[in-house]
>>> print(open('start_13.txt').read())   # compact mmCIF, C-alpha atoms
# COMPACT_ATOMS: atom_id res chain seq x y z
CA MET H 654 57.55 72.72 -8.37
CA PRO H 655 56.97 69.78 -6.11
CA GLN H 656 53.65 68.03 -6.68
CA THR H 657 51.12 68.43 -3.95
CA THR H 658 49.25 65.26 -2.84
CA THR H 659 45.76 65.87 -1.60
CA THR H 660 44.55 63.48 1.10
CA THR H 661 40.80 63.10 1.59
CA ARG H 662 39.90 62.47 5.17
CA THR H 663 36.69 60.77 6.20
CA THR H 664 34.89 62.77 8.80
CA PRO H 665 32.95 61.02 11.58
CA ASP H 666 29.66 62.07 9.92
CA THR H 667 30.70 60.57 6.58
CA ALA H 668 31.73 57.27 8.18
CA ALA H 669 28.46 57.05 10.05
CA ARG H 670 26.48 57.68 6.86
CA THR H 671 28.50 55.00 5.05
CA ARG H 672 27.88 52.42 7.76
CA LEU H 673 24.18 53.28 7.76
CA ALA H 674 23.98 52.79 3.98
CA ILE H 675 25.69 49.41 4.27
CA TRP H 676 23.29 48.23 6.99
CA ILE H 677 20.29 49.41 4.96
CA LEU H 678 21.58 47.52 1.92
CA LEU H 679 22.12 44.35 4.00
CA GLY H 680 18.66 44.74 5.46
CA LEU H 681 17.12 44.91 1.99
CA ILE H 682 19.01 41.80 0.90
CA VAL H 683 17.88 39.84 3.96
CA ALA H 684 14.30 41.05 3.60
CA GLY H 685 14.31 40.04 -0.05
CA GLY H 686 15.62 36.59 0.84
CA VAL H 687 12.96 36.11 3.50
CA ALA H 688 10.23 37.22 1.08
CA TRP H 689 11.51 34.77 -1.57
CA TYR H 690 11.57 31.93 0.97
CA VAL H 691 8.02 32.66 2.11
CA LEU H 692 6.73 32.76 -1.46
CA ALA H 693 8.64 29.62 -2.45
CA THR H 694 7.43 27.58 0.49
CA ALA H 695 3.88 28.87 0.11
CA ALA H 696 3.86 27.60 -3.47
CA LYS H 697 4.75 24.07 -2.38
CA PRO H 698 1.99 21.85 -0.99
CA SER H 699 2.40 20.61 2.54
CA PRO H 700 3.59 16.99 2.75
CA PRO H 701 0.76 14.51 3.33
CA ALA H 702 0.14 13.47 6.88
CA VAL H 703 1.69 10.10 7.71
CA GLN H 704 -0.75 7.46 8.87
CA PRO H 705 0.19 6.43 12.40
CA VAL H 706 1.76 2.98 12.47
CA ALA H 707 0.13 2.33 15.84
CA ASP H 708 -3.23 2.03 14.08
CA ALA H 709 -1.98 -0.68 11.70
CA ARG H 710 -3.68 -4.03 12.18
CA LEU H 711 -2.99 -7.45 10.81
CA VAL H 712 -6.64 -8.42 10.97
CA ARG H 713 -9.69 -6.17 11.00
CA GLU H 714 -13.34 -7.02 11.53
CA ASP H 715 -14.00 -6.92 7.79
CA SER H 716 -10.88 -8.90 6.81
CA HIS H 717 -11.64 -11.95 4.68
CA ARG H 718 -11.25 -15.12 6.72
CA VAL H 719 -11.11 -18.01 4.27
CA THR H 720 -11.15 -20.71 6.93
CA ALA H 721 -13.19 -20.83 10.11
CA PRO H 722 -11.80 -23.36 12.59
CA ALA H 723 -14.01 -24.31 15.50
CA ALA H 724 -11.01 -24.04 17.82
CA GLU H 725 -8.49 -21.57 16.46
CA LYS H 726 -4.87 -22.30 17.27
CA ALA H 727 -3.26 -19.67 15.06
CA GLN H 728 -3.81 -17.07 12.35
CA LEU H 729 -2.03 -16.92 9.00
CA VAL H 730 -2.48 -13.56 7.26
CA GLU H 731 -1.58 -13.22 3.58
CA PHE H 732 -1.22 -9.88 1.80
CA LEU H 733 -1.81 -10.62 -1.87
CA ASP H 734 -2.15 -9.16 -5.34
CA PHE H 735 -4.37 -11.04 -7.82
CA GLU H 736 -2.14 -9.97 -10.73
CA CYS H 737 1.06 -11.09 -8.99
CA GLU H 738 2.68 -14.12 -10.63
CA SER H 739 4.32 -15.12 -7.36
CA CYS H 740 0.91 -15.13 -5.67
CA LEU H 741 -0.40 -17.34 -8.46
CA ALA H 742 2.57 -19.70 -8.07
CA ALA H 743 1.97 -19.92 -4.30
CA GLU H 744 -1.80 -20.41 -4.58
CA PRO H 745 -1.81 -24.22 -5.10
CA LEU H 746 0.33 -24.71 -1.98
CA VAL H 747 -1.73 -22.24 0.06
CA THR H 748 -4.91 -24.04 -1.04
CA LYS H 749 -3.42 -27.36 0.05
CA LEU H 750 -2.36 -25.90 3.40
CA LYS H 751 -5.86 -24.51 3.95
CA GLN H 752 -7.23 -28.02 3.50
CA GLU H 753 -4.69 -29.50 5.91
CA TYR H 754 -4.67 -26.83 8.62
CA GLY H 755 -7.96 -25.00 8.12
CA ASP H 756 -9.57 -26.80 11.04
CA ARG H 757 -6.99 -25.25 13.40
CA ILE H 758 -5.63 -22.15 11.67
CA THR H 759 -7.60 -19.16 10.45
CA PHE H 760 -6.33 -18.14 7.00
CA VAL H 761 -6.91 -14.44 6.33
CA HIS H 762 -6.59 -12.59 3.02
CA ARG H 763 -5.68 -8.89 2.82
CA TYR H 764 -5.63 -6.87 -0.40
CA PHE H 765 -2.27 -5.45 -1.49
CA PRO H 766 -2.46 -4.49 -5.19
CA LEU H 767 0.97 -3.42 -6.40
CA PRO H 768 1.24 -0.16 -8.39
CA GLY H 769 3.36 -1.83 -11.06
CA HIS H 770 0.45 -4.08 -12.05
CA ARG H 771 -1.99 -2.22 -14.29
CA ASN H 772 -5.09 -4.22 -13.31
CA SER H 773 -4.25 -5.30 -9.76
CA GLY H 774 -6.43 -2.58 -8.22
CA THR H 775 -9.26 -3.32 -10.65
CA ALA H 776 -9.01 -7.00 -9.75
CA ALA H 777 -9.19 -6.20 -6.03
CA LEU H 778 -12.32 -4.10 -6.67
CA ALA H 779 -13.91 -7.01 -8.55
CA VAL H 780 -13.16 -9.43 -5.73
CA GLU H 781 -14.44 -7.04 -3.07
CA ALA H 782 -17.61 -6.39 -5.07
CA ALA H 783 -18.16 -10.14 -5.23
CA ALA H 784 -17.43 -10.41 -1.52
CA GLN H 785 -20.29 -8.02 -0.82
CA GLN H 786 -22.54 -10.69 -2.32
CA GLY H 787 -20.92 -13.44 -0.26
CA ARG H 788 -18.75 -14.74 -3.11
CA TYR H 789 -15.25 -13.66 -2.14
CA GLN H 790 -13.56 -17.04 -2.49
CA GLU H 791 -15.24 -17.87 -5.80
CA MET H 792 -14.13 -14.62 -7.44
CA ALA H 793 -10.64 -14.82 -5.94
CA ALA H 794 -10.24 -18.36 -7.28
CA LYS H 795 -11.58 -17.27 -10.68
CA LEU H 796 -9.04 -14.47 -10.99
CA PHE H 797 -6.13 -16.71 -10.08
CA GLU H 798 -7.38 -19.40 -12.48
CA THR H 799 -7.60 -16.92 -15.36
CA GLN H 800 -4.62 -14.70 -14.52
CA PRO H 801 -2.63 -15.84 -17.60
CA GLN H 802 -5.45 -14.39 -19.74
CA TRP H 803 -5.67 -10.92 -18.27
CA GLY H 804 -2.51 -10.43 -16.20
CA GLY H 805 0.14 -8.09 -17.56
CA LYS H 806 -2.20 -6.27 -19.94
CA GLN H 807 -2.00 -2.49 -20.08
CA ASP H 808 -5.65 -1.85 -20.95
CA SER H 809 -8.36 -2.09 -18.32
CA GLN H 810 -9.71 -5.58 -17.69
CA ALA H 811 -12.78 -4.32 -15.83
CA GLY H 812 -15.07 -5.73 -18.55
CA VAL H 813 -13.41 -9.14 -18.25
CA PHE H 814 -13.93 -9.15 -14.50
CA ARG H 815 -17.56 -8.14 -14.96
CA GLN H 816 -17.98 -11.11 -17.29
CA PHE H 817 -16.60 -13.33 -14.52
CA ALA H 818 -19.15 -11.84 -12.14
CA GLN H 819 -21.90 -12.73 -14.59
CA GLU H 820 -20.56 -16.28 -14.91
CA LEU H 821 -20.67 -16.61 -11.13
CA GLY H 822 -24.32 -15.56 -11.15
CA LEU H 823 -23.82 -12.31 -9.28
CA ASP H 824 -26.35 -9.50 -9.30
CA LEU H 825 -24.66 -7.29 -11.89
CA ALA H 826 -26.42 -4.09 -10.85
CA ALA H 827 -25.20 -4.57 -7.29
CA TYR H 828 -21.76 -5.57 -8.57
CA ASP H 829 -21.48 -2.41 -10.70
CA ALA H 830 -22.61 -0.25 -7.81
CA ALA H 831 -20.02 -1.82 -5.49
CA VAL H 832 -17.18 -1.40 -8.01
CA GLY H 833 -18.00 2.28 -8.36
CA ASP H 834 -18.57 2.90 -4.66
CA GLU H 835 -15.91 4.97 -2.89
CA GLN H 836 -16.37 2.86 0.24
CA THR H 837 -15.29 -0.24 -1.69
CA LYS H 838 -12.14 1.55 -2.82
CA GLU H 839 -11.50 2.79 0.71
CA ARG H 840 -11.83 -0.79 1.98
CA ILE H 841 -8.93 -1.81 -0.28
CA ARG H 842 -6.87 1.29 0.53
CA ARG H 843 -7.18 0.45 4.22
CA ASP H 844 -5.68 -3.00 3.63
CA VAL H 845 -2.81 -1.44 1.68
CA ALA H 846 -2.17 1.13 4.41
CA ASP H 847 -2.08 -1.61 7.05
CA GLY H 848 0.30 -3.64 4.93
CA LYS H 849 2.70 -0.75 4.35
CA ALA H 850 2.70 0.16 8.04
CA LEU H 851 3.48 -3.48 8.88
CA GLY H 852 6.44 -3.57 6.50
CA VAL H 853 4.87 -5.27 3.49
CA THR H 854 6.69 -4.34 0.28
CA GLY H 855 5.76 -7.20 -2.05
CA THR H 856 3.40 -10.11 -2.46
CA PRO H 857 2.68 -12.65 -1.24
CA THR H 858 3.67 -11.70 2.31
CA PHE H 859 2.63 -13.94 5.19
CA PHE H 860 2.29 -13.25 8.91
CA LEU H 861 1.89 -16.17 11.28
CA ASN H 862 0.53 -15.13 14.68
CA GLY H 863 1.77 -11.61 14.05
CA LYS H 864 5.26 -12.58 12.90
CA LYS H 865 6.32 -11.77 9.35
CA LEU H 866 7.60 -14.94 7.70
CA THR H 867 10.70 -15.37 5.56
CA LEU H 868 10.07 -18.59 3.66
CA ASP H 869 12.62 -20.70 1.80
CA THR H 870 10.94 -24.07 1.26
CA GLU H 871 7.53 -25.71 1.37
CA GLN H 872 8.79 -27.97 4.15
CA GLN H 873 9.74 -24.99 6.27
CA PHE H 874 6.33 -23.38 5.69
CA ARG H 875 4.53 -26.57 6.62
CA GLN H 876 6.63 -27.04 9.75
CA LEU H 877 5.87 -23.51 10.93
CA LEU H 878 2.14 -24.16 10.54
CA THR H 879 2.44 -27.55 12.27
CA ASP H 880 4.17 -25.96 15.26
CA ALA H 881 1.62 -23.12 15.42
CA ALA H 882 -1.35 -25.49 15.20
CA ARG H 883 -0.35 -27.61 18.19
>>> encode(input="start_13.txt", output="structure tokens")
Amino acid sequence: MPQTTTTTRTTPDTAARTRLAIWILLGLIVAGGVAWYVLATAAKPSPPAVQPVADARLVREDSHRVTAPAAEKAQLVEFLDFECESCLAAEPLVTKLKQEYGDRITFVHRYFPLPGHRNSGTAALAVEAAAQQGRYQEMAAKLFETQPQWGGKQDSQAGVFRQFAQELGLDLAAYDAAVGDEQTKERIRRDVADGKALGVTGTPTFFLNGKKLTLDTEQQFRQLLTDAAR
């Protein structure tokens, strides 16, 4: 006998039910994906707000002016790190330039402790604490003078800096309070934020009358200051 082939035909109702099942399945997949995305993004912290660059300033009211010319012709702003070897190497020249041009140019120091230096932030705190007793330049000079002793160490040098404060005759109770004060830390963070917004990535970085300098030689540096001081 010839074999009989049975053909199953899909009725309109069956096709409709099949399409409905497929759409329901797709809907569940999409809903599951959306739920996963919501949960995943909720678990991640929001990115920190970016400080507006428009608020960045080269010099603020509380910035440390280390010269005070009677008739200012220009401003030289230095972002520095007291543990930075390049800052230490530049310090003798900068000191000499302050003596030569300080009667016409305002030299301004801004804190910029680099994260790769273990005690750069601690050093900035020590200097700022001394500054609150009117001894900014003395403590800054002390830290540069002694940098080979404490620079590059991985343990905290806070005790060493406190000893320097004692040697300078500072009120140690006031010094300790300033070092631990959140406002002192915020003062330094503000300098760092300004520096980053202005394009500072390393130290020392100099700005002369608002222009970031790229320096190659001492002669070039001196000539720039001579021109600005006229």
>>> residues_around(input="start_13.txt", residues="Thr799 (chain H)", least_positions_apart="2", cutoff="12 Å", atoms="all atoms listed in the file", output="PDB file with C-alpha atoms, keeping the file's coordinate frame")
ATOM      1  CA  PHE H 735      -4.370 -11.040  -7.820  1.00  0.00           C
ATOM      2  CA  GLU H 736      -2.140  -9.970 -10.730  1.00  0.00           C
ATOM      3  CA  GLU H 738       2.680 -14.120 -10.630  1.00  0.00           C
ATOM      4  CA  LEU H 741      -0.400 -17.340  -8.460  1.00  0.00           C
ATOM      5  CA  ALA H 776      -9.010  -7.000  -9.750  1.00  0.00           C
ATOM      6  CA  MET H 792     -14.130 -14.620  -7.440  1.00  0.00           C
ATOM      7  CA  ALA H 793     -10.640 -14.820  -5.940  1.00  0.00           C
ATOM      8  CA  ALA H 794     -10.240 -18.360  -7.280  1.00  0.00           C
ATOM      9  CA  LYS H 795     -11.580 -17.270 -10.680  1.00  0.00           C
ATOM     10  CA  LEU H 796      -9.040 -14.470 -10.990  1.00  0.00           C
ATOM     11  CA  PHE H 797      -6.130 -16.710 -10.080  1.00  0.00           C
ATOM     12  CA  PRO H 801      -2.630 -15.840 -17.600  1.00  0.00           C
ATOM     13  CA  GLN H 802      -5.450 -14.390 -19.740  1.00  0.00           C
ATOM     14  CA  TRP H 803      -5.670 -10.920 -18.270  1.00  0.00           C
ATOM     15  CA  GLY H 804      -2.510 -10.430 -16.200  1.00  0.00           C
ATOM     16  CA  GLY H 805       0.140  -8.090 -17.560  1.00  0.00           C
ATOM     17  CA  GLN H 810      -9.710  -5.580 -17.690  1.00  0.00           C
ATOM     18  CA  VAL H 813     -13.410  -9.140 -18.250  1.00  0.00           C
ATOM     19  CA  PHE H 814     -13.930  -9.150 -14.500  1.00  0.00           C
ATOM     20  CA  PHE H 817     -16.600 -13.330 -14.520  1.00  0.00           C
TER      21      PHE H 817
END
>>> residues_around(input="start_13.txt", residues="Gln872 (chain H)", least_positions_apart="6", cutoff="12 Å", atoms="only C-alpha atoms", output="compact mmCIF listing (two decimals) with C-alpha atoms, in the frame of the given file")
# COMPACT_ATOMS: atom_id res chain seq x y z
CA LEU H 746 0.33 -24.71 -1.98
CA LEU H 750 -2.36 -25.90 3.40
CA LEU H 878 2.14 -24.16 10.54
CA THR H 879 2.44 -27.55 12.27
>>> atom_distance(input="start_13.txt", atom1="CA of Asp869 (chain H)", atom2="CA of Val730 (chain H)")
17.6 Å
>>> atom_distance(input="start_13.txt", atom1="CA of Thr858 (chain H)", atom2="CA of Asp834 (chain H)")
27.5 Å
>>> residues_around(input="start_13.txt", residues="Ala777 (chain H)", least_positions_apart="2", cutoff="12 Å", atoms="only C-alpha atoms", output="JSON, numbers by chain")
{"H": [732, 733, 734, 735, 736, 737, 762, 763, 764, 765, 766, 767, 770, 771, 772, 773, 774, 775, 779, 780, 781, 782, 783, 784, 789, 792, 793, 796, 797, 810, 811, 814, 831, 832, 837, 838, 839, 840, 841, 842, 844, 845]}
>>> closest_residue(input="start_13.txt", among="H:Ala882, H:Ser739, H:Gly812, H:Val712", to="Leu825 (chain H)", atoms="only C-alpha atoms")
H:Gly812
>>> atom_distance(input="start_13.txt", atom1="CA of Leu861 (chain H)", atom2="CA of Gly769 (chain H)")
26.6 Å
>>> closest_residue(input="start_13.txt", among="H:Asp829, H:Asp715, H:Glu731, H:Glu725", to="Gly863 (chain H)", atoms="only C-alpha atoms")
H:Glu731
>>> residues_around(input="start_13.txt", residues="Thr720 (chain H)", least_positions_apart="5", cutoff="6 Å", atoms="only C-alpha atoms", output="list in words")
Gly755, Thr759 and Phe760 of chain H
>>> residues_near_point(input="start_13.txt", point="(-8.8, -25.0, 14.2)", cutoff="8 Å", atoms="only C-alpha atoms", output="PyMOL selection string")
chain H and resi 721-727+754-759+882
>>> write_last_selection(input="start_13.txt", atoms="C-alpha atoms", output="CSV table (one decimal), in the coordinates of the input")
chain,number,residue,atom,x,y,z
H,721,ALA,CA,-13.2,-20.8,10.1
H,722,PRO,CA,-11.8,-23.4,12.6
H,723,ALA,CA,-14.0,-24.3,15.5
H,724,ALA,CA,-11.0,-24.0,17.8
H,725,GLU,CA,-8.5,-21.6,16.5
H,726,LYS,CA,-4.9,-22.3,17.3
H,727,ALA,CA,-3.3,-19.7,15.1
H,754,TYR,CA,-4.7,-26.8,8.6
H,755,GLY,CA,-8.0,-25.0,8.1
H,756,ASP,CA,-9.6,-26.8,11.0
H,757,ARG,CA,-7.0,-25.2,13.4
H,758,ILE,CA,-5.6,-22.2,11.7
H,759,THR,CA,-7.6,-19.2,10.4
H,882,ALA,CA,-1.4,-25.5,15.2
>>> residues_around(input="start_13.txt", residues="Leu823 (chain H)", least_positions_apart="5", cutoff="8 Å", atoms="all atoms listed in the file", output="list in words")
Ala783, Gln786, Ala818 and Tyr828 of chain H
>>> write_last_selection(input="start_13.txt", atoms="C-alpha atoms", output="PDB file, keeping the file's coordinate frame")
ATOM      1  CA  ALA H 783     -18.160 -10.140  -5.230  1.00  0.00           C
ATOM      2  CA  GLN H 786     -22.540 -10.690  -2.320  1.00  0.00           C
ATOM      3  CA  ALA H 818     -19.150 -11.840 -12.140  1.00  0.00           C
ATOM      4  CA  TYR H 828     -21.760  -5.570  -8.570  1.00  0.00           C
TER       5      TYR H 828
END
>>> closest_residue(input="start_13.txt", among="H:Pro745, H:Val761, H:Ala830, H:Arg718", to="Phe860 (chain H)", atoms="all atoms listed in the file")
H:Val761
>>> closest_residue(input="start_13.txt", among="H:Gln728, H:Arg713, H:Pro768, H:Asp808", to="Gly855 (chain H)", atoms="all atoms listed in the file")
H:Pro768
>>> build_atoms(input="start_13.txt", residues="region 845-868 of chain H", atoms="N, CA and C atoms", output="PDB file, in the frame of the given file")
ATOM      1  N   VAL H 845      -4.138  -1.844   2.166  1.00  0.00           N
ATOM      2  CA  VAL H 845      -2.810  -1.440   1.680  1.00  0.00           C
ATOM      3  C   VAL H 845      -2.080  -0.627   2.736  1.00  0.00           C
ATOM      4  N   ALA H 846      -2.786   0.299   3.379  1.00  0.00           N
ATOM      5  CA  ALA H 846      -2.170   1.130   4.410  1.00  0.00           C
ATOM      6  C   ALA H 846      -1.682   0.276   5.576  1.00  0.00           C
ATOM      7  N   ASP H 847      -2.499  -0.695   5.979  1.00  0.00           N
ATOM      8  CA  ASP H 847      -2.080  -1.610   7.050  1.00  0.00           C
ATOM      9  C   ASP H 847      -0.827  -2.363   6.630  1.00  0.00           C
ATOM     10  N   GLY H 848      -0.839  -2.875   5.407  1.00  0.00           N
ATOM     11  CA  GLY H 848       0.300  -3.640   4.930  1.00  0.00           C
ATOM     12  C   GLY H 848       1.582  -2.824   4.935  1.00  0.00           C
ATOM     13  N   LYS H 849       1.504  -1.606   4.403  1.00  0.00           N
ATOM     14  CA  LYS H 849       2.700  -0.750   4.350  1.00  0.00           C
ATOM     15  C   LYS H 849       3.212  -0.450   5.756  1.00  0.00           C
ATOM     16  N   ALA H 850       2.299  -0.157   6.674  1.00  0.00           N
ATOM     17  CA  ALA H 850       2.700   0.160   8.040  1.00  0.00           C
ATOM     18  C   ALA H 850       3.336  -1.051   8.730  1.00  0.00           C
ATOM     19  N   LEU H 851       2.951  -2.249   8.292  1.00  0.00           N
ATOM     20  CA  LEU H 851       3.480  -3.480   8.880  1.00  0.00           C
ATOM     21  C   LEU H 851       4.740  -3.974   8.172  1.00  0.00           C
ATOM     22  N   GLY H 852       5.192  -3.219   7.171  1.00  0.00           N
ATOM     23  CA  GLY H 852       6.440  -3.570   6.500  1.00  0.00           C
ATOM     24  C   GLY H 852       6.291  -4.405   5.250  1.00  0.00           C
ATOM     25  N   VAL H 853       5.076  -4.505   4.718  1.00  0.00           N
ATOM     26  CA  VAL H 853       4.870  -5.270   3.490  1.00  0.00           C
ATOM     27  C   VAL H 853       5.354  -4.429   2.303  1.00  0.00           C
ATOM     28  N   THR H 854       6.189  -5.029   1.466  1.00  0.00           N
ATOM     29  CA  THR H 854       6.690  -4.340   0.280  1.00  0.00           C
ATOM     30  C   THR H 854       6.395  -5.113  -1.004  1.00  0.00           C
ATOM     31  N   GLY H 855       6.060  -6.373  -0.883  1.00  0.00           N
ATOM     32  CA  GLY H 855       5.760  -7.200  -2.050  1.00  0.00           C
ATOM     33  C   GLY H 855       4.776  -8.278  -1.695  1.00  0.00           C
ATOM     34  N   THR H 856       4.382  -9.049  -2.694  1.00  0.00           N
ATOM     35  CA  THR H 856       3.400 -10.110  -2.460  1.00  0.00           C
ATOM     36  C   THR H 856       3.879 -11.411  -3.065  1.00  0.00           C
ATOM     37  N   PRO H 857       3.453 -12.553  -2.481  1.00  0.00           N
ATOM     38  CA  PRO H 857       2.680 -12.650  -1.240  1.00  0.00           C
ATOM     39  C   PRO H 857       3.563 -12.439  -0.013  1.00  0.00           C
ATOM     40  N   THR H 858       2.995 -11.830   1.023  1.00  0.00           N
ATOM     41  CA  THR H 858       3.670 -11.700   2.310  1.00  0.00           C
ATOM     42  C   THR H 858       2.787 -12.327   3.375  1.00  0.00           C
ATOM     43  N   PHE H 859       3.378 -13.196   4.182  1.00  0.00           N
ATOM     44  CA  PHE H 859       2.630 -13.940   5.190  1.00  0.00           C
ATOM     45  C   PHE H 859       3.052 -13.516   6.591  1.00  0.00           C
ATOM     46  N   PHE H 860       2.060 -13.455   7.479  1.00  0.00           N
ATOM     47  CA  PHE H 860       2.290 -13.250   8.910  1.00  0.00           C
ATOM     48  C   PHE H 860       1.648 -14.408   9.649  1.00  0.00           C
ATOM     49  N   LEU H 861       2.415 -15.078  10.463  1.00  0.00           N
ATOM     50  CA  LEU H 861       1.890 -16.170  11.280  1.00  0.00           C
ATOM     51  C   LEU H 861       1.887 -15.726  12.734  1.00  0.00           C
ATOM     52  N   ASN H 862       0.683 -15.616  13.297  1.00  0.00           N
ATOM     53  CA  ASN H 862       0.530 -15.130  14.680  1.00  0.00           C
ATOM     54  C   ASN H 862       1.283 -13.816  14.897  1.00  0.00           C
ATOM     55  N   GLY H 863       1.182 -12.942  13.918  1.00  0.00           N
ATOM     56  CA  GLY H 863       1.770 -11.610  14.050  1.00  0.00           C
ATOM     57  C   GLY H 863       3.206 -11.499  13.617  1.00  0.00           C
ATOM     58  N   LYS H 864       3.851 -12.606  13.295  1.00  0.00           N
ATOM     59  CA  LYS H 864       5.260 -12.580  12.900  1.00  0.00           C
ATOM     60  C   LYS H 864       5.380 -12.688  11.384  1.00  0.00           C
ATOM     61  N   LYS H 865       6.107 -11.741  10.790  1.00  0.00           N
ATOM     62  CA  LYS H 865       6.320 -11.770   9.350  1.00  0.00           C
ATOM     63  C   LYS H 865       7.255 -12.927   8.996  1.00  0.00           C
ATOM     64  N   LEU H 866       6.846 -13.751   8.037  1.00  0.00           N
ATOM     65  CA  LEU H 866       7.600 -14.940   7.700  1.00  0.00           C
ATOM     66  C   LEU H 866       8.577 -14.691   6.550  1.00  0.00           C
ATOM     67  N   THR H 867       9.748 -15.288   6.658  1.00  0.00           N
ATOM     68  CA  THR H 867      10.700 -15.370   5.560  1.00  0.00           C
ATOM     69  C   THR H 867      10.783 -16.840   5.175  1.00  0.00           C
ATOM     70  N   LEU H 868      10.230 -17.183   4.031  1.00  0.00           N
ATOM     71  CA  LEU H 868      10.070 -18.590   3.660  1.00  0.00           C
ATOM     72  C   LEU H 868      11.078 -18.985   2.589  1.00  0.00           C
TER      73      LEU H 868
END
